[in-house]
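Trainee: You'll find run.txt just under this line, and it carries compact mmCIF, C-alpha atoms.
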```txt
# COMPACT_ATOMS: atom_id res chain seq x y z
CA MET A 1 -4.69 -7.98 -14.86
CA PRO A 2 -7.83 -7.19 -12.78
CA ASP A 3 -11.15 -6.41 -14.51
CA LEU A 4 -11.69 -2.66 -14.89
CA PRO A 5 -14.18 -1.02 -12.51
CA LYS A 6 -17.65 -0.39 -13.97
CA ILE A 7 -18.50 3.29 -14.50
CA LEU A 8 -21.96 3.57 -12.89
CA ASP A 9 -22.32 7.31 -13.43
CA ARG A 10 -20.31 10.30 -14.66
CA ARG A 11 -20.87 14.05 -14.53
CA THR A 12 -18.81 17.10 -15.51
CA SER A 13 -18.33 20.46 -13.83
CA ARG A 14 -16.80 23.71 -15.14
CA PRO A 15 -17.59 22.73 -18.74
CA GLY A 16 -15.46 24.72 -21.14
CA GLY A 17 -12.99 25.97 -18.51
CA LEU A 18 -9.26 25.30 -18.65
CA PHE A 19 -9.64 22.77 -15.86
CA GLU A 20 -12.68 20.59 -16.37
CA VAL A 21 -13.49 18.06 -13.64
CA GLU A 22 -15.33 14.76 -14.18
CA THR A 23 -16.82 12.87 -11.27
CA LEU A 24 -16.98 9.08 -11.74
CA GLU A 25 -19.10 6.70 -9.68
CA LEU A 26 -17.17 3.41 -9.88
CA GLU A 27 -17.82 -0.19 -8.89
CA PHE A 28 -14.65 -2.27 -8.60
CA SER A 29 -14.64 -5.95 -9.59
CA ASN A 30 -14.87 -6.92 -5.89
CA GLY A 31 -18.15 -4.95 -5.55
CA VAL A 32 -16.69 -1.95 -3.69
CA GLN A 33 -18.18 1.36 -4.87
CA ARG A 34 -16.21 4.61 -4.83
CA THR A 35 -16.47 8.17 -6.14
CA TYR A 36 -13.42 9.37 -8.14
CA GLU A 37 -12.69 12.84 -9.51
CA ARG A 38 -10.46 13.38 -12.51
CA LEU A 39 -9.31 16.36 -14.57
CA LEU A 40 -10.43 16.17 -18.17
CA ASN A 41 -7.94 16.99 -20.88
CA SER A 42 -9.57 18.87 -23.71
CA GLY A 43 -6.29 19.27 -25.62
CA LEU A 44 -5.16 17.50 -28.77
CA GLY A 45 -2.05 16.10 -27.11
CA ALA A 46 1.30 17.53 -26.08
CA VAL A 47 5.00 17.14 -26.72
CA ILE A 48 8.15 17.55 -24.66
CA VAL A 49 11.32 18.04 -26.69
CA VAL A 50 14.91 17.05 -25.85
CA PRO A 51 16.96 19.25 -28.24
CA LEU A 52 20.56 18.16 -28.65
CA LEU A 53 23.32 20.51 -29.87
CA ASP A 54 25.53 17.41 -30.00
CA ASN A 55 25.27 13.90 -28.50
CA ASP A 56 26.12 15.18 -25.03
CA THR A 57 24.64 18.71 -24.91
CA VAL A 58 20.97 19.43 -24.29
CA VAL A 59 19.25 22.82 -24.65
CA LEU A 60 17.13 23.83 -21.64
CA LEU A 61 14.83 26.83 -21.11
CA ARG A 62 14.48 29.09 -18.10
CA GLU A 63 10.77 29.89 -17.86
CA TYR A 64 8.32 31.47 -15.46
CA CYS A 65 6.22 28.80 -13.70
CA ALA A 66 2.99 30.15 -12.25
CA GLY A 67 2.39 27.00 -10.15
CA PHE A 68 5.30 27.94 -7.87
CA HIS A 69 5.57 31.63 -8.91
CA ARG A 70 9.26 31.13 -9.74
CA TYR A 71 11.57 30.57 -12.70
CA GLU A 72 12.53 26.97 -13.49
CA LEU A 73 14.77 25.15 -15.92
CA GLY A 74 12.91 22.82 -18.23
CA LEU A 75 12.54 21.47 -21.75
CA VAL A 76 10.64 22.85 -24.73
CA LYS A 77 7.01 21.78 -24.27
CA GLY A 78 3.67 22.53 -25.78
CA ARG A 79 0.27 21.42 -26.97
CA LEU A 80 -0.64 20.35 -30.48
CA ASP A 81 -2.46 22.84 -32.67
CA PRO A 82 -5.40 21.51 -34.72
CA GLY A 83 -4.18 19.30 -37.59
CA GLU A 84 -0.60 19.06 -36.29
CA SER A 85 1.30 15.81 -35.73
CA HIS A 86 3.49 15.42 -32.66
CA VAL A 87 6.60 15.89 -34.79
CA GLU A 88 5.19 19.08 -36.37
CA ALA A 89 4.25 20.47 -32.95
CA ALA A 90 7.72 19.66 -31.61
CA ASP A 91 9.32 21.44 -34.55
CA ARG A 92 7.13 24.55 -34.08
CA GLU A 93 7.56 24.72 -30.30
CA LEU A 94 11.33 24.31 -30.63
CA LYS A 95 11.43 27.28 -33.02
CA GLU A 96 9.11 29.41 -30.85
CA GLU A 97 10.62 28.68 -27.44
CA ALA A 98 14.29 27.90 -28.09
CA GLY A 99 14.99 29.51 -31.48
CA TYR A 100 16.11 26.29 -33.19
CA GLY A 101 14.88 24.18 -36.06
CA ALA A 102 15.78 20.47 -36.15
CA GLY A 103 16.90 18.34 -39.09
CA ARG A 104 15.91 15.15 -37.28
CA ILE A 105 12.96 14.68 -34.91
CA GLU A 106 12.18 11.24 -33.42
CA ILE A 107 9.48 10.11 -31.01
CA ILE A 108 11.08 8.05 -28.25
CA ASN A 109 8.40 7.58 -25.59
CA SER A 110 5.23 8.94 -24.00
CA LEU A 111 4.66 10.18 -20.43
CA SER A 112 1.65 10.95 -18.26
CA MET A 113 1.46 13.29 -15.26
CA ALA A 114 -0.82 11.82 -12.61
CA PRO A 115 -2.73 8.96 -14.24
CA ALA A 116 -4.73 8.48 -11.03
CA TYR A 117 -6.69 11.64 -11.82
CA MET A 118 -5.38 13.17 -15.07
CA SER A 119 -5.47 12.00 -18.68
CA HIS A 120 -2.67 14.20 -20.04
CA GLU A 121 -0.26 12.38 -22.30
CA THR A 122 2.99 14.00 -23.40
CA VAL A 123 4.98 12.51 -26.26
CA VAL A 124 8.76 12.64 -25.71
CA VAL A 125 10.67 13.75 -28.77
CA LEU A 126 14.39 13.85 -29.51
CA ALA A 127 15.47 16.76 -31.76
CA ARG A 128 18.87 16.68 -33.48
CA ASP A 129 20.77 18.47 -36.25
CA LEU A 130 19.71 21.84 -34.81
CA TYR A 131 20.01 25.11 -36.74
CA PRO A 132 19.08 28.65 -35.65
CA CYS A 133 15.48 29.48 -36.57
CA ARG A 134 12.99 31.52 -34.57
CA LEU A 135 9.21 31.63 -34.89
CA GLN A 136 7.09 34.13 -32.96
CA GLY A 137 5.16 32.30 -30.19
CA ASP A 138 2.74 33.57 -27.56
CA GLU A 139 5.33 33.85 -24.76
CA PRO A 140 4.96 37.00 -22.63
CA GLU A 141 8.74 37.56 -22.55
CA PRO A 142 11.88 36.24 -24.30
CA ILE A 143 12.93 32.81 -22.96
CA GLU A 144 16.53 32.30 -21.91
CA THR A 145 18.21 29.08 -23.12
CA VAL A 146 20.82 27.19 -21.08
CA THR A 147 22.93 24.24 -22.25
CA TRP A 148 23.76 21.27 -20.05
CA PRO A 149 25.87 18.11 -20.52
CA LEU A 150 23.75 14.95 -20.63
CA ALA A 151 26.55 13.21 -18.70
CA ASP A 152 25.65 15.37 -15.64
CA LEU A 153 21.93 14.59 -15.43
CA HIS A 154 22.13 13.59 -11.79
CA GLU A 155 23.57 16.97 -10.81
CA LEU A 156 20.95 18.76 -12.93
CA ALA A 157 18.10 16.83 -11.31
CA LEU A 158 19.34 17.84 -7.86
CA ARG A 159 19.00 21.57 -8.65
CA GLU A 160 16.16 23.32 -6.86
CA ASP A 161 15.04 25.02 -10.08
CA MET A 162 14.76 21.71 -12.01
CA THR A 163 11.86 19.77 -10.56
CA GLU A 164 9.39 18.59 -13.16
CA GLY A 165 8.95 14.81 -13.26
CA ARG A 166 8.34 14.63 -17.02
CA THR A 167 11.39 16.81 -17.73
CA VAL A 168 13.69 14.67 -15.58
CA ALA A 169 12.21 11.47 -17.05
CA ALA A 170 12.52 12.71 -20.64
CA LEU A 171 16.20 13.58 -20.16
CA TYR A 172 17.03 10.13 -18.74
CA LEU A 173 15.01 8.43 -21.49
CA ALA A 174 16.87 10.41 -24.14
CA ARG A 175 20.22 9.46 -22.61
CA ASP A 176 19.22 5.77 -22.58
CA TYR A 177 18.02 6.04 -26.17
CA LEU A 178 21.35 7.52 -27.30
CA GLU A 179 23.33 4.87 -25.37
CA ASN A 180 21.30 2.06 -26.98
CA GLU A 181 21.85 3.63 -30.38
CA SER A 182 25.64 3.76 -30.13
CA MET B 1 17.61 35.27 -13.45
CA PRO B 2 14.71 37.54 -14.61
CA ASP B 3 12.65 39.51 -12.09
CA LEU B 4 9.46 37.67 -11.14
CA PRO B 5 6.21 38.96 -12.66
CA LYS B 6 4.11 41.17 -10.37
CA ILE B 7 0.83 39.61 -9.23
CA LEU B 8 -1.70 42.39 -9.93
CA ASP B 9 -4.76 40.39 -8.88
CA ARG B 10 -5.72 36.86 -7.82
CA ARG B 11 -9.05 35.09 -7.34
CA THR B 12 -10.09 31.55 -6.52
CA SER B 13 -12.89 29.36 -7.86
CA ARG B 14 -14.34 26.05 -6.56
CA PRO B 15 -13.13 26.84 -3.02
CA GLY B 16 -12.96 23.67 -0.96
CA GLY B 17 -13.18 21.26 -3.91
CA LEU B 18 -10.55 18.67 -4.73
CA PHE B 19 -9.40 20.81 -7.63
CA GLU B 20 -9.25 24.49 -6.69
CA VAL B 21 -8.33 26.96 -9.45
CA GLU B 22 -6.62 30.32 -8.89
CA THR B 23 -6.61 32.98 -11.59
CA LEU B 24 -3.59 35.31 -11.55
CA GLU B 25 -3.35 38.64 -13.35
CA LEU B 26 0.38 39.04 -13.97
CA GLU B 27 2.66 41.80 -15.21
CA PHE B 28 6.01 40.55 -16.48
CA SER B 29 9.18 42.60 -15.95
CA ASN B 30 8.96 43.81 -19.59
CA GLY B 31 5.50 45.28 -18.90
CA VAL B 32 3.48 42.57 -20.70
CA GLN B 33 0.29 41.66 -18.81
CA ARG B 34 -1.21 38.16 -18.94
CA THR B 35 -3.87 36.09 -17.18
CA TYR B 36 -2.67 32.71 -15.83
CA GLU B 37 -4.69 29.91 -14.25
CA ARG B 38 -3.18 27.46 -11.81
CA LEU B 39 -4.42 24.53 -9.74
CA LEU B 40 -4.06 25.11 -6.02
CA ASN B 41 -2.70 22.31 -3.90
CA SER B 42 -4.46 22.16 -0.56
CA GLY B 43 -2.52 19.10 0.60
CA LEU B 44 0.28 18.87 3.15
CA GLY B 45 2.74 17.43 0.65
CA ALA B 46 3.24 14.05 -0.96
CA VAL B 47 5.77 11.24 -1.24
CA ILE B 48 6.74 8.74 -3.92
CA VAL B 49 8.58 5.69 -2.64
CA VAL B 50 11.19 3.52 -4.41
CA PRO B 51 11.14 0.31 -2.32
CA LEU B 52 14.13 -1.99 -2.87
CA LEU B 53 14.09 -5.71 -2.06
CA ASP B 54 17.82 -5.65 -2.82
CA ASN B 55 20.10 -3.16 -4.61
CA ASP B 56 18.77 -4.21 -8.00
CA THR B 57 15.10 -5.11 -7.36
CA VAL B 58 12.33 -2.54 -7.02
CA VAL B 59 8.76 -3.23 -5.88
CA LEU B 60 6.06 -1.78 -8.17
CA LEU B 61 2.27 -1.68 -7.81
CA ARG B 62 -0.42 -2.39 -10.36
CA GLU B 63 -3.19 0.11 -9.63
CA TYR B 64 -6.38 1.42 -11.20
CA CYS B 65 -5.82 4.88 -12.72
CA ALA B 66 -9.06 6.81 -13.22
CA GLY B 67 -7.35 9.42 -15.46
CA PHE B 68 -7.00 6.83 -18.23
CA HIS B 69 -9.54 4.30 -16.87
CA ARG B 70 -6.91 1.55 -16.98
CA TYR B 71 -4.48 -0.31 -14.73
CA GLU B 72 -0.90 0.97 -14.61
CA LEU B 73 2.37 -0.02 -12.99
CA GLY B 74 3.72 2.58 -10.60
CA LEU B 75 5.39 3.26 -7.28
CA VAL B 76 3.93 3.60 -3.80
CA LYS B 77 2.64 7.18 -3.52
CA GLY B 78 0.53 9.21 -1.18
CA ARG B 79 -0.21 12.44 0.60
CA LEU B 80 0.94 13.37 4.07
CA ASP B 81 -1.55 13.09 6.92
CA PRO B 82 -1.65 15.99 9.43
CA GLY B 83 1.43 15.98 11.65
CA GLU B 84 3.32 13.42 9.53
CA SER B 85 6.84 13.92 8.17
CA HIS B 86 7.68 12.78 4.63
CA VAL B 87 9.54 9.76 6.04
CA GLU B 88 6.58 8.80 8.25
CA ALA B 89 4.15 9.13 5.35
CA ALA B 90 6.43 7.00 3.14
CA ASP B 91 6.59 4.32 5.82
CA ARG B 92 2.79 4.28 6.25
CA GLU B 93 2.00 4.28 2.52
CA LEU B 94 4.53 1.48 1.91
CA LYS B 95 2.78 -0.64 4.54
CA GLU B 96 -0.71 0.20 3.24
CA GLU B 97 -0.08 -0.17 -0.48
CA ALA B 98 2.74 -2.71 -0.80
CA GLY B 99 2.64 -4.63 2.50
CA TYR B 100 6.23 -3.80 3.49
CA GLY B 101 7.89 -1.93 6.32
CA ALA B 102 11.35 -0.43 5.77
CA GLY B 103 14.34 -0.40 8.10
CA ARG B 104 15.91 2.50 6.18
CA ILE B 105 14.10 5.40 4.53
CA GLU B 106 16.04 8.25 2.87
CA ILE B 107 14.87 11.35 1.03
CA ILE B 108 16.77 11.62 -2.25
CA ASN B 109 15.02 14.36 -4.24
CA SER B 110 11.79 16.27 -4.89
CA LEU B 111 9.67 16.40 -8.06
CA SER B 112 6.87 18.58 -9.37
CA MET B 113 4.20 17.70 -11.94
CA ALA B 114 3.48 20.71 -14.14
CA PRO B 115 5.07 23.74 -12.46
CA ALA B 116 3.59 25.99 -15.16
CA TYR B 117 0.15 25.57 -13.56
CA MET B 118 0.42 23.24 -10.54
CA SER B 119 2.14 23.60 -7.17
CA HIS B 120 2.27 19.91 -6.26
CA GLU B 121 5.59 18.80 -4.84
CA THR B 122 6.38 15.11 -4.36
CA VAL B 123 9.34 14.07 -2.23
CA VAL B 124 11.24 11.04 -3.62
CA VAL B 125 12.13 8.50 -0.97
CA LEU B 126 14.30 5.39 -1.12
CA ALA B 127 13.12 2.55 1.15
CA ARG B 128 15.47 -0.33 2.01
CA ASP B 129 15.76 -3.24 4.47
CA LEU B 130 12.16 -4.22 3.71
CA TYR B 131 10.16 -6.63 5.88
CA PRO B 132 6.58 -7.87 5.46
CA CYS B 133 4.14 -5.60 7.30
CA ARG B 134 0.65 -4.59 6.19
CA LEU B 135 -1.48 -1.67 7.40
CA GLN B 136 -5.10 -1.26 6.31
CA GLY B 137 -5.40 1.69 3.89
CA ASP B 138 -8.36 3.15 2.05
CA GLU B 139 -7.78 1.27 -1.22
CA PRO B 140 -10.97 -0.05 -2.83
CA GLU B 141 -9.32 -3.38 -3.72
CA PRO B 142 -6.11 -5.29 -2.93
CA ILE B 143 -3.12 -3.94 -4.86
CA GLU B 144 -0.94 -6.37 -6.78
CA THR B 145 2.84 -5.94 -6.37
CA VAL B 146 5.33 -6.65 -9.17
CA THR B 147 9.13 -6.73 -8.89
CA TRP B 148 11.44 -5.34 -11.55
CA PRO B 149 15.25 -5.22 -11.96
CA LEU B 150 16.61 -1.65 -11.73
CA ALA B 151 19.10 -2.62 -14.46
CA ASP B 152 16.18 -2.83 -16.93
CA LEU B 153 14.67 0.62 -16.36
CA HIS B 154 14.73 1.48 -20.04
CA GLU B 155 12.63 -1.55 -20.94
CA LEU B 156 10.23 -0.78 -18.06
CA ALA B 157 9.79 2.82 -19.19
CA LEU B 158 8.88 1.64 -22.70
CA ARG B 159 5.91 -0.40 -21.40
CA GLU B 160 2.51 1.05 -22.27
CA ASP B 161 1.28 0.53 -18.70
CA MET B 162 4.20 2.51 -17.16
CA THR B 163 3.77 6.13 -18.13
CA GLU B 164 3.94 8.50 -15.16
CA GLY B 165 6.71 11.08 -15.42
CA ARG B 166 7.40 11.23 -11.68
CA THR B 167 7.54 7.42 -11.45
CA VAL B 168 10.03 7.12 -14.31
CA ALA B 169 12.09 10.02 -12.93
CA ALA B 170 12.10 8.61 -9.37
CA LEU B 171 13.36 5.23 -10.60
CA TYR B 172 16.24 6.78 -12.57
CA LEU B 173 17.10 9.09 -9.65
CA ALA B 174 17.17 6.10 -7.28
CA ARG B 175 19.46 4.18 -9.64
CA ASP B 176 21.82 7.17 -9.88
CA TYR B 177 21.76 7.54 -6.10
CA LEU B 178 22.72 3.88 -5.62
CA GLU B 179 25.48 4.12 -8.24
CA ASN B 180 26.96 7.21 -6.55
CA GLU B 181 26.81 5.43 -3.20
CA SER B 182 28.75 2.36 -4.30
```
Mind turning the file's structure into structure tokens?
Mentor:
Amino acid sequence: MPDLPKILDRRTSRPGGLFEVETLELEFSNGVQRTYERLLNSGLGAVIVVPLLDNDTVVLLREYCAGFHRYELGLVKGRLDPGESHVEAADRELKEEAGYGAGRIEIINSLSMAPAYMSHETVVVLARDLYPCRLQGDEPEPIETVTWPLADLHELALREDMTEGRTVAALYLARDYLENES
Amino acid sequence: MPDLPKILDRRTSRPGGLFEVETLELEFSNGVQRTYERLLNSGLGAVIVVPLLDNDTVVLLREYCAGFHRYELGLVKGRLDPGESHVEAADRELKEEAGYGAGRIEIINSLSMAPAYMSHETVVVLARDLYPCRLQGDEPEPIETVTWPLADLHELALREDMTEGRTVAALYLARDYLENES
């Protein structure tokens, strides 16, 4: 493992905004100096939830995605509120976004987005023993749910409205987890 | 499929910077109005490359990741240069970052990062028939390569230095692609 670069200087712009940028002046262990920019993550952490109706049926959401200005299929996701654990946040988001509570919630992995310039970390959670339960969230409109067989992940991942790396990864990780369990 | 929200207003901040933010004033089809922020992507597109030494051995990189200020395992990745196709960019990045050319390069899918507030799209490419070939890139230090059996993806994804959603997704998608092929 190489020695980490030395941070010679760091400064922040847009303090307090949703997207805060930090500029790092780095010196690598071979003496090369470079300027890096990274997005700071002011959040308390995030979860992505794989809710299973049974061992082969996952619940997906169809949600508006401003990045592409289109609707996409994806998993329940959200940020932790102050004082919440990942499991508590997963339980709340599942109730707000999908209308289900879960009798069993397990953490199975953790994913980043673009570690080269982002520090977001999203904990992957498996939710089982689902029961209908809805909490009021801050969504601008009702979210449609769609079920999909875990056996057909490859076909799902080829859809043009199913693109997010963490979503695709979380579904495959959940399938592996279930296979190892049985 | 719901009707898309109307964009009532849009404005941009940090024009020209690496991270450009657009604020959207939206009206959803149910009349609810909301303000959304999204990161604009000024690039020409990006590729993530799954390079195979044989049908069960993938080449990974160990690279400095400023987002977490640590070294991580990942795949060859990069942005398109002006005039380049995705396949040409994959070929160049593979030579710059991993020191391999590829006799066969195929596009197998496309992944986003956080479609809720980013418009980045990364084309997933499978590279086969590798041969040693190095191009000089703009990396600050030599990049170490590591090989890993595709059969052990689950174990790889559980490593603490292998976290990126797109990387994990691309590896599973490549394995599915190879299984469907054979």
Trainee: List the neighbours of segment 97-107 of chain A out to 6 Å using only C-alpha atoms; skip same-chain residues closer than 2 positions along the sequence, and give me the result as a VMD selection string.
Mentor: chain A and resid 93 to 95 124 to 134
Trainee: Using all atoms listed in the file, find the one residue out of A:Asp176, A:Glu84, A:Glu72, A:Glu181 that sits nearest to Met1 of chain B.
Mentor: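 Counting all atoms listed in the file, the residue closest to Met1 of chain B is A:Glu72.
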Trainee: Between B:Pro51, B:Gly74, B:Pro115, B:Gly67, single out the one closest to Glu37 of chain B, counting all atoms listed in the file.
Mentor: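 Closest to Glu37 of chain B, using all atoms listed in the file: B:Pro115.
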Trainee: Within 12 Å of Leu178 of chain B, counting all atoms listed in the file, which residues qualify if same-chain residues fewer than 2 places away don't, as a VMD selection string?
Mentor: (chain A and resid 154) or (chain B and resid 50 52 54 to 57 106 108 126 to 128 150 to 151 171 to 176 180 to 182)
Trainee: List the spatial neighbours of Val21 of chain B as a list in words - criterion: any atom at most 9 Å away, all atoms listed in the file, same-chain residues fewer than 5 positions off excluded.
Mentor: Phe19 of chain A; Arg11, Thr12, Ser13, Arg14, Pro15, Glu37, Arg38, Leu39 and Leu40 of chain B
Trainee: With a cut-off of 6 Å, could you pull out the residues of chain A touching chain B and give me the nearest pair of atoms for each, distance in Å to one decimal, using all atoms listed in the file, ordered by chain and ascending number, as a Markdown table?
Mentor:
```
| residue | atom | partner | partner_atom | distance |
| --- | --- | --- | --- | --- |
| A:Arg38 | CA | B:Gly67 | CA | 5.8 |
| A:Cys65 | CA | B:Ala116 | CA | 4.1 |
| A:Ala66 | CA | B:Ala116 | CA | 5.1 |
| A:Gly67 | CA | B:Met118 | CA | 4.3 |
| A:Phe68 | CA | B:Ser119 | CA | 5.4 |
| A:Leu111 | CA | B:Thr163 | CA | 4.7 |
| A:Ser112 | CA | B:Glu164 | CA | 4.6 |
| A:Met113 | CA | B:Glu164 | CA | 5.4 |
| A:Pro115 | CA | B:Gly67 | CA | 4.8 |
| A:Ala116 | CA | B:Cys65 | CA | 4.1 |
| A:Tyr117 | CA | B:Gly67 | CA | 4.3 |
| A:Met118 | CA | B:Gly67 | CA | 4.3 |
| A:Ser119 | CA | B:Gly67 | CA | 4.5 |
| A:Thr163 | CA | B:Leu111 | CA | 4.7 |
| A:Glu164 | CA | B:Ser112 | CA | 4.6 |
| A:Gly165 | CA | B:Arg166 | CA | 4.2 |
| A:Arg166 | CA | B:Gly165 | CA | 4.2 |
| A:Val168 | CA | B:Ala169 | CA | 5.6 |
| A:Ala169 | CA | B:Ala169 | CA | 4.4 |
```
Trainee: Could you check how far atom CA of Ser42 of chain A sits from atom CA of Gly83 of chain A, in Å to one decimal?
Mentor: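 Those two atoms sit 14.9 Å apart.
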Trainee: Record the distance separating atom CA of Val49 of chain B and atom CA of Gly78 of chain A, expressed in Å with one decimal.
Mentor: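 Computing it gives 29.0 Å between the two atoms.
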Trainee: Using only C-alpha atoms and a cutoff of 8 Å, can you tell me which residues are near (1.9, 19.6, -30.4) in the file's coordinates, and write them out as a compact mmCIF listing (two decimals) with C-alpha atoms, keeping the file's coordinate frame?
Mentor:
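Result file follows (point-v8.txt):
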```
# COMPACT_ATOMS: atom_id res chain seq x y z
CA LEU A 44 -5.16 17.50 -28.77
CA GLY A 45 -2.05 16.10 -27.11
CA ALA A 46 1.30 17.53 -26.08
CA VAL A 47 5.00 17.14 -26.72
CA GLY A 78 3.67 22.53 -25.78
CA ARG A 79 0.27 21.42 -26.97
CA LEU A 80 -0.64 20.35 -30.48
CA ASP A 81 -2.46 22.84 -32.67
CA GLU A 84 -0.60 19.06 -36.29
CA SER A 85 1.30 15.81 -35.73
CA HIS A 86 3.49 15.42 -32.66
CA VAL A 87 6.60 15.89 -34.79
CA GLU A 88 5.19 19.08 -36.37
CA ALA A 89 4.25 20.47 -32.95
CA ALA A 90 7.72 19.66 -31.61
CA GLU A 93 7.56 24.72 -30.30
```
